[in-house]
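A.B. asks: I'm passing along my_file.pdb; it holds PDB, C-alpha atoms, pLDDT in the B column.
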```
ATOM      1  CA  MET A   1     -18.602  33.189  -1.083  1.00 50.00           C
ATOM      2  CA  ASN A   2     -20.529  36.321  -1.821  1.00 60.00           C
ATOM      3  CA  VAL A   3     -20.913  37.974  -5.160  1.00 60.00           C
ATOM      4  CA  ASP A   4     -18.366  40.653  -4.484  1.00 63.00           C
ATOM      5  CA  ASN A   5     -15.651  38.191  -3.659  1.00 62.00           C
ATOM      6  CA  LYS A   6     -16.371  36.255  -6.754  1.00 61.00           C
ATOM      7  CA  ARG A   7     -16.141  39.344  -8.873  1.00 60.00           C
ATOM      8  CA  ARG A   8     -12.762  40.037  -7.343  1.00 59.00           C
ATOM      9  CA  LEU A   9     -11.550  36.604  -8.301  1.00 58.00           C
ATOM     10  CA  LEU A  10     -12.724  37.062 -11.833  1.00 57.00           C
ATOM     11  CA  LEU A  11     -11.189  40.484 -12.068  1.00 53.00           C
ATOM     12  CA  ARG A  12      -7.915  39.062 -11.089  1.00 56.00           C
ATOM     13  CA  GLY A  13      -8.185  36.458 -13.780  1.00 53.00           C
ATOM     14  CA  THR A  14      -8.760  39.223 -16.290  1.00 51.00           C
ATOM     15  CA  LEU A  15      -6.060  41.614 -15.289  1.00 49.00           C
ATOM     16  CA  GLY A  16      -3.347  39.034 -15.159  1.00 46.00           C
ATOM     17  CA  VAL A  17      -1.567  37.732 -12.135  1.00 43.00           C
ATOM     18  CA  GLY A  18       1.279  40.213 -12.075  1.00 42.00           C
ATOM     19  CA  ALA A  19      -0.597  43.416 -11.401  1.00 42.00           C
ATOM     20  CA  LEU A  20      -2.530  42.268  -8.376  1.00 38.00           C
ATOM     21  CA  ALA A  21      -0.206  39.675  -6.964  1.00 39.00           C
ATOM     22  CA  GLY A  22       2.325  42.474  -6.698  1.00 39.00           C
ATOM     23  CA  ALA A  23      -0.112  44.379  -4.551  1.00 38.00           C
ATOM     24  CA  GLY A  24      -0.333  41.291  -2.349  1.00 37.00           C
ATOM     25  CA  LEU A  25      -4.079  41.666  -2.101  1.00 38.00           C
ATOM     26  CA  LEU A  26      -5.291  38.251  -3.006  1.00 38.00           C
ATOM     27  CA  ALA A  27      -2.374  35.975  -2.425  1.00 36.00           C
ATOM     28  CA  PRO A  28      -3.649  32.639  -1.136  1.00 39.00           C
ATOM     29  CA  ARG A  29      -6.919  32.520  -3.000  1.00 37.00           C
ATOM     30  CA  GLY A  30      -5.193  32.235  -6.330  1.00 38.00           C
ATOM     31  CA  VAL A  31      -6.177  28.634  -6.955  1.00 38.00           C
ATOM     32  CA  LEU A  32      -9.316  29.513  -8.832  1.00 45.00           C
ATOM     33  CA  ALA A  33      -8.279  32.795 -10.280  1.00 58.00           C
ATOM     34  CA  ALA A  34      -4.911  32.311 -11.873  1.00 72.00           C
ATOM     35  CA  TRP A  35      -4.142  29.695 -14.470  1.00 79.00           C
ATOM     36  CA  SER A  36      -2.713  26.937 -12.326  1.00 81.00           C
ATOM     37  CA  LYS A  37       0.263  25.313 -13.998  1.00 82.00           C
ATOM     38  CA  GLU A  38       0.443  22.822 -11.167  1.00 83.00           C
ATOM     39  CA  ALA A  39      -3.152  21.676 -11.612  1.00 86.00           C
ATOM     40  CA  PHE A  40      -2.882  21.492 -15.379  1.00 85.00           C
ATOM     41  CA  SER A  41       0.267  19.402 -15.213  1.00 86.00           C
ATOM     42  CA  ALA A  42      -0.834  17.064 -12.393  1.00 84.00           C
ATOM     43  CA  ASP A  43      -0.856  13.466 -13.589  1.00 85.00           C
ATOM     44  CA  SER A  44      -3.821  12.127 -11.632  1.00 86.00           C
ATOM     45  CA  THR A  45      -7.427  13.270 -11.578  1.00 87.00           C
ATOM     46  CA  GLU A  46      -7.426  13.372  -7.813  1.00 87.00           C
ATOM     47  CA  GLY A  47      -4.231  15.367  -7.632  1.00 87.00           C
ATOM     48  CA  ALA A  48      -5.420  17.879 -10.181  1.00 90.00           C
ATOM     49  CA  MET A  49      -8.748  18.209  -8.410  1.00 90.00           C
ATOM     50  CA  LYS A  50      -7.126  18.841  -5.051  1.00 88.00           C
ATOM     51  CA  THR A  51      -4.745  21.407  -6.495  1.00 88.00           C
ATOM     52  CA  LEU A  52      -7.410  23.219  -8.451  1.00 89.00           C
ATOM     53  CA  LEU A  53     -10.430  23.002  -6.196  1.00 89.00           C
ATOM     54  CA  GLY A  54      -8.944  22.189  -2.819  1.00 86.00           C
ATOM     55  CA  GLY A  55     -10.696  18.875  -2.312  1.00 86.00           C
ATOM     56  CA  THR A  56     -12.308  15.891  -3.952  1.00 86.00           C
ATOM     57  CA  ALA A  57     -15.867  15.793  -5.202  1.00 86.00           C
ATOM     58  CA  SER A  58     -18.691  13.428  -4.386  1.00 87.00           C
ATOM     59  CA  ALA A  59     -20.932  12.023  -7.100  1.00 87.00           C
ATOM     60  CA  SER A  60     -24.229  13.796  -7.516  1.00 89.00           C
ATOM     61  CA  ASP A  61     -27.323  13.651  -9.699  1.00 88.00           C
ATOM     62  CA  ALA A  62     -27.286  17.435  -9.907  1.00 89.00           C
ATOM     63  CA  VAL A  63     -24.493  17.277 -12.469  1.00 93.00           C
ATOM     64  CA  SER A  64     -24.913  15.829 -15.927  1.00 93.00           C
ATOM     65  CA  ILE A  65     -22.371  15.219 -18.678  1.00 94.00           C
ATOM     66  CA  LYS A  66     -23.309  15.017 -22.298  1.00 94.00           C
ATOM     67  CA  ALA A  67     -20.619  13.211 -24.256  1.00 93.00           C
ATOM     68  CA  PRO A  68     -20.606  10.457 -26.872  1.00 92.00           C
ATOM     69  CA  ASP A  69     -20.479   6.811 -25.678  1.00 92.00           C
ATOM     70  CA  ILE A  70     -17.972   6.058 -28.379  1.00 90.00           C
ATOM     71  CA  ALA A  71     -15.768   8.744 -29.889  1.00 89.00           C
ATOM     72  CA  GLU A  72     -14.474   7.828 -33.319  1.00 84.00           C
ATOM     73  CA  ASN A  73     -11.899  10.563 -33.206  1.00 85.00           C
ATOM     74  CA  GLY A  74     -10.233  11.191 -29.859  1.00 86.00           C
ATOM     75  CA  ALA A  75      -8.923  14.548 -31.064  1.00 88.00           C
ATOM     76  CA  VAL A  76     -12.356  16.083 -30.987  1.00 91.00           C
ATOM     77  CA  VAL A  77     -14.706  14.856 -28.280  1.00 92.00           C
ATOM     78  CA  PRO A  78     -17.614  17.198 -27.603  1.00 93.00           C
ATOM     79  CA  ILE A  79     -18.433  17.533 -23.924  1.00 94.00           C
ATOM     80  CA  THR A  80     -21.288  19.449 -22.367  1.00 95.00           C
ATOM     81  CA  VAL A  81     -21.730  19.818 -18.630  1.00 95.00           C
ATOM     82  CA  GLU A  82     -24.955  21.009 -17.095  1.00 93.00           C
ATOM     83  CA  THR A  83     -25.983  21.359 -13.508  1.00 93.00           C
ATOM     84  CA  ALA A  84     -29.115  22.182 -11.603  1.00 88.00           C
ATOM     85  CA  ALA A  85     -27.112  23.546  -8.680  1.00 86.00           C
ATOM     86  CA  ALA A  86     -27.507  27.231  -7.839  1.00 83.00           C
ATOM     87  CA  ASN A  87     -24.654  29.734  -7.493  1.00 86.00           C
ATOM     88  CA  VAL A  88     -22.236  27.745  -9.566  1.00 91.00           C
ATOM     89  CA  GLU A  89     -18.702  29.014  -9.097  1.00 91.00           C
ATOM     90  CA  SER A  90     -16.874  26.778 -11.490  1.00 92.00           C
ATOM     91  CA  ILE A  91     -17.206  23.797 -13.783  1.00 93.00           C
ATOM     92  CA  SER A  92     -14.137  21.642 -14.380  1.00 93.00           C
ATOM     93  CA  VAL A  93     -13.588  18.818 -16.807  1.00 93.00           C
ATOM     94  CA  PHE A  94     -11.108  16.023 -16.107  1.00 92.00           C
ATOM     95  CA  ILE A  95     -10.139  13.211 -18.490  1.00 92.00           C
ATOM     96  CA  SER A  96      -8.821  10.509 -16.152  1.00 91.00           C
ATOM     97  CA  ASN A  97      -6.559   8.668 -18.604  1.00 90.00           C
ATOM     98  CA  ASN A  98      -4.962  11.682 -20.280  1.00 88.00           C
ATOM     99  CA  PRO A  99      -1.325  12.491 -19.422  1.00 87.00           C
ATOM    100  CA  SER A 100      -2.636  15.527 -17.508  1.00 89.00           C
ATOM    101  CA  PRO A 101      -6.271  14.890 -16.604  1.00 90.00           C
ATOM    102  CA  LEU A 102      -7.388  18.485 -16.138  1.00 92.00           C
ATOM    103  CA  ALA A 103      -8.689  19.676 -19.502  1.00 92.00           C
ATOM    104  CA  ALA A 104     -10.658  22.799 -18.746  1.00 92.00           C
ATOM    105  CA  ASN A 105     -11.935  24.858 -15.862  1.00 93.00           C
ATOM    106  CA  PHE A 106     -14.740  27.331 -16.409  1.00 93.00           C
ATOM    107  CA  VAL A 107     -14.906  30.007 -13.717  1.00 93.00           C
ATOM    108  CA  LEU A 108     -18.393  31.434 -13.777  1.00 92.00           C
ATOM    109  CA  GLY A 109     -19.407  34.934 -12.798  1.00 89.00           C
ATOM    110  CA  ALA A 110     -22.451  36.113 -10.914  1.00 83.00           C
ATOM    111  CA  GLY A 111     -24.966  35.930 -13.761  1.00 85.00           C
ATOM    112  CA  ALA A 112     -23.697  32.763 -15.397  1.00 88.00           C
ATOM    113  CA  SER A 113     -25.818  29.611 -15.575  1.00 90.00           C
ATOM    114  CA  GLY A 114     -24.559  26.135 -14.751  1.00 91.00           C
ATOM    115  CA  TYR A 115     -23.684  25.225 -18.288  1.00 93.00           C
ATOM    116  CA  ALA A 116     -20.428  24.813 -20.166  1.00 94.00           C
ATOM    117  CA  ALA A 117     -19.553  23.104 -23.416  1.00 94.00           C
ATOM    118  CA  THR A 118     -16.281  22.511 -25.222  1.00 95.00           C
ATOM    119  CA  ARG A 119     -14.390  19.927 -27.219  1.00 94.00           C
ATOM    120  CA  VAL A 120     -11.455  18.013 -25.817  1.00 93.00           C
ATOM    121  CA  LYS A 121      -8.729  15.609 -26.879  1.00 91.00           C
ATOM    122  CA  MET A 122      -8.635  12.121 -25.427  1.00 91.00           C
ATOM    123  CA  GLY A 123      -5.615   9.873 -25.769  1.00 87.00           C
ATOM    124  CA  LYS A 124      -7.539   6.688 -25.091  1.00 88.00           C
ATOM    125  CA  THR A 125     -10.742   5.342 -23.609  1.00 91.00           C
ATOM    126  CA  SER A 126     -11.283   7.086 -20.313  1.00 92.00           C
ATOM    127  CA  ASP A 127     -13.675   8.329 -17.709  1.00 92.00           C
ATOM    128  CA  VAL A 128     -14.684  11.925 -18.126  1.00 93.00           C
ATOM    129  CA  VAL A 129     -15.277  13.590 -14.781  1.00 93.00           C
ATOM    130  CA  ALA A 130     -17.134  16.866 -14.483  1.00 94.00           C
ATOM    131  CA  VAL A 131     -16.886  18.713 -11.201  1.00 94.00           C
ATOM    132  CA  VAL A 132     -19.197  21.548 -10.272  1.00 94.00           C
ATOM    133  CA  LYS A 133     -18.288  23.881  -7.455  1.00 92.00           C
ATOM    134  CA  SER A 134     -21.238  25.669  -5.937  1.00 90.00           C
ATOM    135  CA  GLY A 135     -21.617  27.216  -2.519  1.00 84.00           C
ATOM    136  CA  GLY A 136     -18.325  25.692  -1.408  1.00 84.00           C
ATOM    137  CA  THR A 137     -19.285  22.089  -2.168  1.00 90.00           C
ATOM    138  CA  LEU A 138     -17.914  19.920  -4.943  1.00 92.00           C
ATOM    139  CA  GLN A 139     -20.244  17.677  -6.887  1.00 92.00           C
ATOM    140  CA  SER A 140     -19.269  15.456  -9.751  1.00 92.00           C
ATOM    141  CA  ALA A 141     -20.556  13.235 -12.515  1.00 94.00           C
ATOM    142  CA  THR A 142     -18.591  10.602 -14.408  1.00 93.00           C
ATOM    143  CA  LYS A 143     -19.087   9.141 -17.847  1.00 94.00           C
ATOM    144  CA  GLU A 144     -16.928   6.704 -19.750  1.00 93.00           C
ATOM    145  CA  VAL A 145     -16.097   7.606 -23.332  1.00 94.00           C
ATOM    146  CA  LYS A 146     -14.607   4.902 -25.556  1.00 92.00           C
ATOM    147  CA  VAL A 147     -12.068   6.167 -28.016  1.00 90.00           C
ATOM    148  CA  THR A 148     -11.286   4.241 -31.180  1.00 85.00           C
ATOM    149  CA  ILE A 149      -8.536   6.534 -32.511  1.00 70.00           C
ATOM    150  CA  GLY A 150      -6.428   8.481 -30.012  1.00 59.00           C
ATOM    151  CA  GLY A 151      -6.119  12.226 -30.073  1.00 58.00           C
ATOM    152  CA  CYS A 152      -2.482  12.516 -29.077  1.00 57.00           C
ATOM    153  CA  GLY A 153       0.197  11.873 -31.649  1.00 52.00           C
ATOM    154  CA  GLY A 154      -2.100   9.624 -33.729  1.00 45.00           C
TER     155      GLY A 154
ATOM    156  CA  MET B   1      -3.941  36.915 -35.216  1.00 47.00           C
ATOM    157  CA  ALA B   2      -6.835  38.987 -36.227  1.00 53.00           C
ATOM    158  CA  LYS B   3     -10.218  37.410 -36.650  1.00 80.00           C
ATOM    159  CA  SER B   4      -9.361  34.211 -34.843  1.00 88.00           C
ATOM    160  CA  ILE B   5     -12.715  34.265 -33.069  1.00 90.00           C
ATOM    161  CA  LYS B   6     -16.084  33.492 -34.518  1.00 91.00           C
ATOM    162  CA  MET B   7     -18.799  34.051 -31.989  1.00 92.00           C
ATOM    163  CA  ARG B   8     -22.511  34.349 -31.653  1.00 91.00           C
ATOM    164  CA  ALA B   9     -24.656  35.399 -28.726  1.00 92.00           C
ATOM    165  CA  SER B  10     -28.357  34.729 -28.684  1.00 93.00           C
ATOM    166  CA  LEU B  11     -31.015  35.597 -26.173  1.00 92.00           C
ATOM    167  CA  ARG B  12     -33.760  33.157 -25.294  1.00 90.00           C
ATOM    168  CA  GLY B  13     -36.063  34.117 -22.449  1.00 88.00           C
ATOM    169  CA  ASP B  14     -33.755  35.771 -19.940  1.00 89.00           C
ATOM    170  CA  GLU B  15     -30.777  33.616 -20.737  1.00 91.00           C
ATOM    171  CA  THR B  16     -28.055  34.487 -23.211  1.00 92.00           C
ATOM    172  CA  THR B  17     -26.141  31.686 -24.879  1.00 93.00           C
ATOM    173  CA  VAL B  18     -22.692  32.524 -26.157  1.00 93.00           C
ATOM    174  CA  LYS B  19     -21.040  30.154 -28.616  1.00 93.00           C
ATOM    175  CA  ALA B  20     -17.599  30.695 -29.996  1.00 93.00           C
ATOM    176  CA  LEU B  21     -15.086  29.033 -32.262  1.00 93.00           C
ATOM    177  CA  ILE B  22     -11.452  30.064 -31.972  1.00 92.00           C
ATOM    178  CA  THR B  23      -8.805  29.289 -34.543  1.00 90.00           C
ATOM    179  CA  HIS B  24      -5.764  28.001 -32.686  1.00 89.00           C
ATOM    180  CA  ALA B  25      -3.285  25.148 -33.072  1.00 87.00           C
ATOM    181  CA  MET B  26      -3.653  23.958 -29.440  1.00 89.00           C
ATOM    182  CA  GLU B  27      -0.362  22.064 -29.570  1.00 86.00           C
ATOM    183  CA  THR B  28       0.012  19.809 -26.523  1.00 86.00           C
ATOM    184  CA  GLY B  29       3.785  19.675 -26.289  1.00 82.00           C
ATOM    185  CA  LEU B  30       3.659  15.862 -26.373  1.00 83.00           C
ATOM    186  CA  ARG B  31       3.595  15.332 -30.124  1.00 83.00           C
ATOM    187  CA  LYS B  32       6.750  14.728 -32.088  1.00 81.00           C
ATOM    188  CA  GLY B  33       7.468  16.490 -35.351  1.00 76.00           C
ATOM    189  CA  LYS B  34       9.056  14.996 -38.485  1.00 80.00           C
ATOM    190  CA  ASP B  35      12.555  15.527 -37.111  1.00 83.00           C
ATOM    191  CA  GLY B  36      11.759  13.441 -34.029  1.00 81.00           C
ATOM    192  CA  ASN B  37      11.838  16.405 -31.681  1.00 85.00           C
ATOM    193  CA  LYS B  38       8.862  17.335 -29.613  1.00 86.00           C
ATOM    194  CA  ILE B  39       6.754  20.178 -30.918  1.00 85.00           C
ATOM    195  CA  PRO B  40       6.630  22.781 -28.147  1.00 86.00           C
ATOM    196  CA  ALA B  41       3.329  23.333 -26.398  1.00 88.00           C
ATOM    197  CA  HIS B  42       1.278  26.185 -27.743  1.00 91.00           C
ATOM    198  CA  HIS B  43      -2.233  26.408 -26.407  1.00 90.00           C
ATOM    199  CA  ILE B  44      -4.792  28.853 -25.124  1.00 92.00           C
ATOM    200  CA  THR B  45      -4.707  29.218 -21.360  1.00 92.00           C
ATOM    201  CA  GLU B  46      -7.525  31.631 -20.700  1.00 92.00           C
ATOM    202  CA  VAL B  47     -10.660  32.766 -22.459  1.00 93.00           C
ATOM    203  CA  THR B  48     -12.493  35.664 -20.846  1.00 93.00           C
ATOM    204  CA  CYS B  49     -15.969  36.883 -21.588  1.00 93.00           C
ATOM    205  CA  GLU B  50     -17.213  40.304 -20.569  1.00 92.00           C
ATOM    206  CA  HIS B  51     -20.629  41.857 -20.663  1.00 91.00           C
ATOM    207  CA  ALA B  52     -21.335  45.451 -19.611  1.00 89.00           C
ATOM    208  CA  GLY B  53     -17.931  45.768 -17.966  1.00 87.00           C
ATOM    209  CA  LYS B  54     -18.357  42.641 -15.857  1.00 88.00           C
ATOM    210  CA  THR B  55     -16.582  39.371 -16.360  1.00 90.00           C
ATOM    211  CA  VAL B  56     -19.177  36.717 -16.958  1.00 91.00           C
ATOM    212  CA  MET B  57     -16.908  33.748 -17.419  1.00 92.00           C
ATOM    213  CA  VAL B  58     -13.243  32.819 -17.483  1.00 93.00           C
ATOM    214  CA  ALA B  59     -12.346  29.520 -19.088  1.00 92.00           C
ATOM    215  CA  GLN B  60      -8.961  28.145 -18.074  1.00 92.00           C
ATOM    216  CA  TRP B  61      -7.719  25.595 -20.536  1.00 92.00           C
ATOM    217  CA  GLY B  62      -5.003  23.013 -20.620  1.00 89.00           C
ATOM    218  CA  PRO B  63      -3.528  21.523 -23.776  1.00 90.00           C
ATOM    219  CA  ALA B  64      -6.236  18.842 -23.797  1.00 90.00           C
ATOM    220  CA  VAL B  65      -8.763  21.172 -25.362  1.00 92.00           C
ATOM    221  CA  SER B  66      -9.144  20.360 -29.053  1.00 91.00           C
ATOM    222  CA  LYS B  67      -7.534  22.194 -31.921  1.00 91.00           C
ATOM    223  CA  ASN B  68      -9.622  25.151 -33.071  1.00 92.00           C
ATOM    224  CA  PRO B  69     -11.544  25.111 -29.809  1.00 93.00           C
ATOM    225  CA  TYR B  70     -15.262  25.494 -29.411  1.00 93.00           C
ATOM    226  CA  LEU B  71     -16.918  26.770 -26.292  1.00 93.00           C
ATOM    227  CA  ALA B  72     -20.409  27.574 -25.183  1.00 94.00           C
ATOM    228  CA  PHE B  73     -21.892  28.913 -21.991  1.00 93.00           C
ATOM    229  CA  LYS B  74     -24.969  30.727 -20.768  1.00 93.00           C
ATOM    230  CA  PHE B  75     -25.609  33.709 -18.561  1.00 92.00           C
ATOM    231  CA  LYS B  76     -28.479  35.870 -17.386  1.00 90.00           C
ATOM    232  CA  GLY B  77     -28.974  39.604 -17.113  1.00 87.00           C
ATOM    233  CA  ALA B  78     -28.299  40.771 -20.670  1.00 88.00           C
ATOM    234  CA  LYS B  79     -30.587  42.424 -23.212  1.00 88.00           C
ATOM    235  CA  ALA B  80     -30.815  42.027 -26.960  1.00 88.00           C
ATOM    236  CA  GLY B  81     -28.415  44.452 -28.615  1.00 89.00           C
ATOM    237  CA  ASP B  82     -25.893  44.378 -25.753  1.00 91.00           C
ATOM    238  CA  ALA B  83     -22.288  43.771 -26.691  1.00 91.00           C
ATOM    239  CA  VAL B  84     -20.417  40.727 -25.440  1.00 92.00           C
ATOM    240  CA  LYS B  85     -16.652  40.704 -25.587  1.00 93.00           C
ATOM    241  CA  LEU B  86     -14.579  37.560 -25.777  1.00 92.00           C
ATOM    242  CA  SER B  87     -10.815  37.476 -25.527  1.00 92.00           C
ATOM    243  CA  TRP B  88      -8.177  34.779 -25.242  1.00 92.00           C
ATOM    244  CA  VAL B  89      -4.545  34.539 -24.186  1.00 92.00           C
ATOM    245  CA  ASP B  90      -2.216  31.636 -24.944  1.00 90.00           C
ATOM    246  CA  ASN B  91       0.893  30.309 -23.247  1.00 90.00           C
ATOM    247  CA  LYS B  92       3.131  32.311 -25.590  1.00 89.00           C
ATOM    248  CA  GLY B  93       1.406  35.550 -24.680  1.00 87.00           C
ATOM    249  CA  GLU B  94      -0.444  35.901 -27.961  1.00 88.00           C
ATOM    250  CA  SER B  95      -3.990  37.139 -27.667  1.00 89.00           C
ATOM    251  CA  ASP B  96      -7.033  38.241 -29.586  1.00 91.00           C
ATOM    252  CA  SER B  97     -10.478  39.533 -28.824  1.00 90.00           C
ATOM    253  CA  SER B  98     -13.766  39.995 -30.543  1.00 91.00           C
ATOM    254  CA  GLU B  99     -17.143  41.528 -29.855  1.00 90.00           C
ATOM    255  CA  ALA B 100     -20.618  40.451 -30.819  1.00 91.00           C
ATOM    256  CA  LYS B 101     -24.061  41.880 -30.300  1.00 91.00           C
ATOM    257  CA  ILE B 102     -26.676  39.752 -28.565  1.00 91.00           C
ATOM    258  CA  LYS B 103     -29.479  38.793 -30.897  1.00 87.00           C
TER     259      LYS B 103
END
```
Take the structure in the file and write it out as structure tokens.
C.D. replies:
Amino acid sequence: MNVDNKRRLLLRGTLGVGALAGAGLLAPRGVLAAWSKEAFSADSTEGAMKTLLGGTASASDAVSIKAPDIAENGAVVPITVETAAANVESISVFISNNPSPLAANFVLGAGASGYAATRVKMGKTSDVVAVVKSGGTLQSATKEVKVTIGGCGG
Amino acid sequence: MAKSIKMRASLRGDETTVKALITHAMETGLRKGKDGNKIPAHHITEVTCEHAGKTVMVAQWGPAVSKNPYLAFKFKGAKAGDAVKLSWVDNKGESDSSEAKIK
């Protein structure tokens, strides 16, 4: 995907779905651009990944996750994803054992580096899967985080 | 919802790091309140960052992002003194934005 296309996707994300979807300009490519209710409510990592990114990722050394081995408080688990891959289009974070695994999806613009950090809630001990989309391929890294106190309902 | 964003942008080499803290309940919709009814979901869905009129990053979030969310990312092509704008929208249509100068 070239830079111009990417900018278009991002623009659409900014302006809101209504304005452009009405114009019918960018209909089927909406997976990345619009906030996908379907992907965020999918109940399996694989399902969410397919809905959001259109495929499943293969493990790669190019992606690294920084997260604690043991999280004392599942309500606040810091996660940092870094990648050496060039032309990163998006970085997604999935928590396999959460009710809806997809936690966050960072859509990166032309100048953005392969880096994203946030804090997530984890209901229980789970694999954290980071997926990096670059140049049309999906690469992932997985790390298990043990949770001693859950972040949901507590 | 004024001043819900605390952000900082710093330049190191040619790379700008933006860090932000947003004040938001990030309610998942799965928790039950004191009356036994579920508390409705209320969470940020999109955070957008702009620099020089271009969108640098859009973060799409589900309810699994922690309360009072933190986010950080990096991008290239900015100078010290440039303004970076960050804005968020939640699932109830509330929104806020803030600007910071790159140091």
A.B. asks: In Å, with one decimal, what is the gap from CA of Leu30 (chain B) to CA of Phe106 (chain A)?
C.D. replies: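 Rounded to one decimal, the two atoms are 23.9 Å apart.
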A.B. asks: Taking all atoms listed in the file into account and nothing else, which residues of chain B lie no more than 6 Å away from chain A? Please answer as a list in words.
C.D. replies: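 Putting it all together, I get Arg31, Val56, Met57, Val58, Ala59, Gln60, Trp61, Gly62, Ala64, Val65, Ser66, Tyr70, Leu71, Ala72, Phe73, Lys74, Phe75 and Lys76 of chain B.
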A.B. asks: Take CA of Lys79 (chain B) and CA of Met7 (chain B) and report the distance between them in Å, one decimal.
C.D. replies: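 Pair CA of Lys79 (chain B) / CA of Met7 (chain B) returns 16.9 Å.
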A.B. asks: I need the output of the PyMOL selection byres ((chain B and resi 4) around 10) for this file as a list in words; which residues are they?
C.D. replies: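 Taken over the shown coordinates, the PyMOL selection byres ((chain B and resi 4) around 10) returns Met1, Ala2, Lys3, Ile5, Lys6, Met7, Leu21, Ile22, Thr23, His24, Asn68, Ser87, Trp88, Ser95, Asp96, Ser97 and Ser98 of chain B.
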A.B. asks: Tell me which residues come within 9 Å of (-1.0, 36.4, -20.9), as JSON, numbers by chain, counting only C-alpha atoms in the file's coordinates.
C.D. replies: {"A": [16, 17], "B": [45, 46, 88, 89, 90, 91, 92, 93, 94, 95]}
A.B. asks: Filtering to C-alpha atoms, could you give me those residues as a CSV table (one decimal), in the coordinates of the input?
C.D. replies:
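Contents of the output file out_14.csv:
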```
chain,number,residue,atom,x,y,z
A,16,GLY,CA,-3.3,39.0,-15.2
A,17,VAL,CA,-1.6,37.7,-12.1
B,45,THR,CA,-4.7,29.2,-21.4
B,46,GLU,CA,-7.5,31.6,-20.7
B,88,TRP,CA,-8.2,34.8,-25.2
B,89,VAL,CA,-4.5,34.5,-24.2
B,90,ASP,CA,-2.2,31.6,-24.9
B,91,ASN,CA,0.9,30.3,-23.2
B,92,LYS,CA,3.1,32.3,-25.6
B,93,GLY,CA,1.4,35.6,-24.7
B,94,GLU,CA,-0.4,35.9,-28.0
B,95,SER,CA,-4.0,37.1,-27.7
```
A.B. asks: Restricting the calculation to all atoms listed in the file, which member of B:Gly53, B:Gly13, B:Pro69, B:Pro63 is positioned closest to Ala83 (chain B)?
C.D. replies: B:Gly53
A.B. asks: Report as a count of residues only the residues that result from applying the PyMOL selection byres ((chain A and resi 127-140) around 7) to the structure here.
C.D. replies: 27
A.B. asks: Could the centre and edge lengths of an axis-aligned box, enclosing all atoms of region 113-130 of chain A in the file with 5 Å extra on each side, be given in Å to one decimal as JSON?
C.D. replies:
```
{"center_x": -15.7, "center_y": 17.5, "center_z": -20.9, "size_x": 30.2, "size_y": 34.3, "size_z": 22.7}
```
A.B. asks: Provide the CA of Leu53 (chain A) to CA of Glu38 (chain A) distance in Å, to one decimal place.
C.D. replies: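 Separation of CA of Leu53 (chain A) and CA of Glu38 (chain A): 12.0 Å.
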A.B. asks: Translate the PyMOL selection byres ((chain B and resi 11) around 10), as applied to the file shown, into an explicit residue set as a short mmCIF file (atom, residue, chain, number, x, y, z; two decimals) with C-alpha atoms, keeping the file's coordinate frame.
C.D. replies:
```
data_model
loop_
_atom_site.label_atom_id
_atom_site.label_comp_id
_atom_site.auth_asym_id
_atom_site.auth_seq_id
_atom_site.Cartn_x
_atom_site.Cartn_y
_atom_site.Cartn_z
CA ALA B 9 -24.66 35.40 -28.73
CA SER B 10 -28.36 34.73 -28.68
CA ARG B 12 -33.76 33.16 -25.29
CA GLY B 13 -36.06 34.12 -22.45
CA ASP B 14 -33.76 35.77 -19.94
CA GLU B 15 -30.78 33.62 -20.74
CA THR B 16 -28.06 34.49 -23.21
CA THR B 17 -26.14 31.69 -24.88
CA VAL B 18 -22.69 32.52 -26.16
CA LYS B 74 -24.97 30.73 -20.77
CA PHE B 75 -25.61 33.71 -18.56
CA LYS B 76 -28.48 35.87 -17.39
CA ALA B 78 -28.30 40.77 -20.67
CA LYS B 79 -30.59 42.42 -23.21
CA ALA B 80 -30.82 42.03 -26.96
CA GLY B 81 -28.42 44.45 -28.62
CA ILE B 102 -26.68 39.75 -28.56
CA LYS B 103 -29.48 38.79 -30.90
#
```
A.B. asks: Because the input lacks atoms here, generate N, CA and C atoms for region 65-72 of chain A and report them as a PDB file, in the coordinates of the input.
C.D. replies:
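The resulting file, part-v6.pdb, is reproduced below:
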```pdb
ATOM      1  N   ILE A  65     -23.347  15.077 -17.600  1.00 94.00           N
ATOM      2  CA  ILE A  65     -22.371  15.219 -18.678  1.00 94.00           C
ATOM      3  C   ILE A  65     -23.014  14.715 -19.958  1.00 94.00           C
ATOM      4  N   LYS A  66     -22.878  15.498 -20.992  1.00 94.00           N
ATOM      5  CA  LYS A  66     -23.309  15.017 -22.298  1.00 94.00           C
ATOM      6  C   LYS A  66     -22.046  14.800 -23.119  1.00 94.00           C
ATOM      7  N   ALA A  67     -21.795  13.547 -23.452  1.00 93.00           N
ATOM      8  CA  ALA A  67     -20.619  13.211 -24.256  1.00 93.00           C
ATOM      9  C   ALA A  67     -20.958  11.930 -25.011  1.00 93.00           C
ATOM     10  N   PRO A  68     -20.290  11.678 -26.123  1.00 92.00           N
ATOM     11  CA  PRO A  68     -20.606  10.457 -26.872  1.00 92.00           C
ATOM     12  C   PRO A  68     -20.180   9.207 -26.098  1.00 92.00           C
ATOM     13  N   ASP A  69     -20.890   8.074 -26.298  1.00 92.00           N
ATOM     14  CA  ASP A  69     -20.479   6.811 -25.678  1.00 92.00           C
ATOM     15  C   ASP A  69     -19.190   6.323 -26.320  1.00 92.00           C
ATOM     16  N   ILE A  70     -19.158   6.463 -27.640  1.00 90.00           N
ATOM     17  CA  ILE A  70     -17.972   6.058 -28.379  1.00 90.00           C
ATOM     18  C   ILE A  70     -17.533   7.233 -29.240  1.00 90.00           C
ATOM     19  N   ALA A  71     -16.290   7.656 -29.072  1.00 89.00           N
ATOM     20  CA  ALA A  71     -15.768   8.744 -29.889  1.00 89.00           C
ATOM     21  C   ALA A  71     -14.909   8.134 -30.982  1.00 89.00           C
ATOM     22  N   GLU A  72     -15.267   8.395 -32.228  1.00 84.00           N
ATOM     23  CA  GLU A  72     -14.474   7.828 -33.319  1.00 84.00           C
ATOM     24  C   GLU A  72     -13.128   8.520 -33.398  1.00 84.00           C
TER      25      GLU A  72
END
```
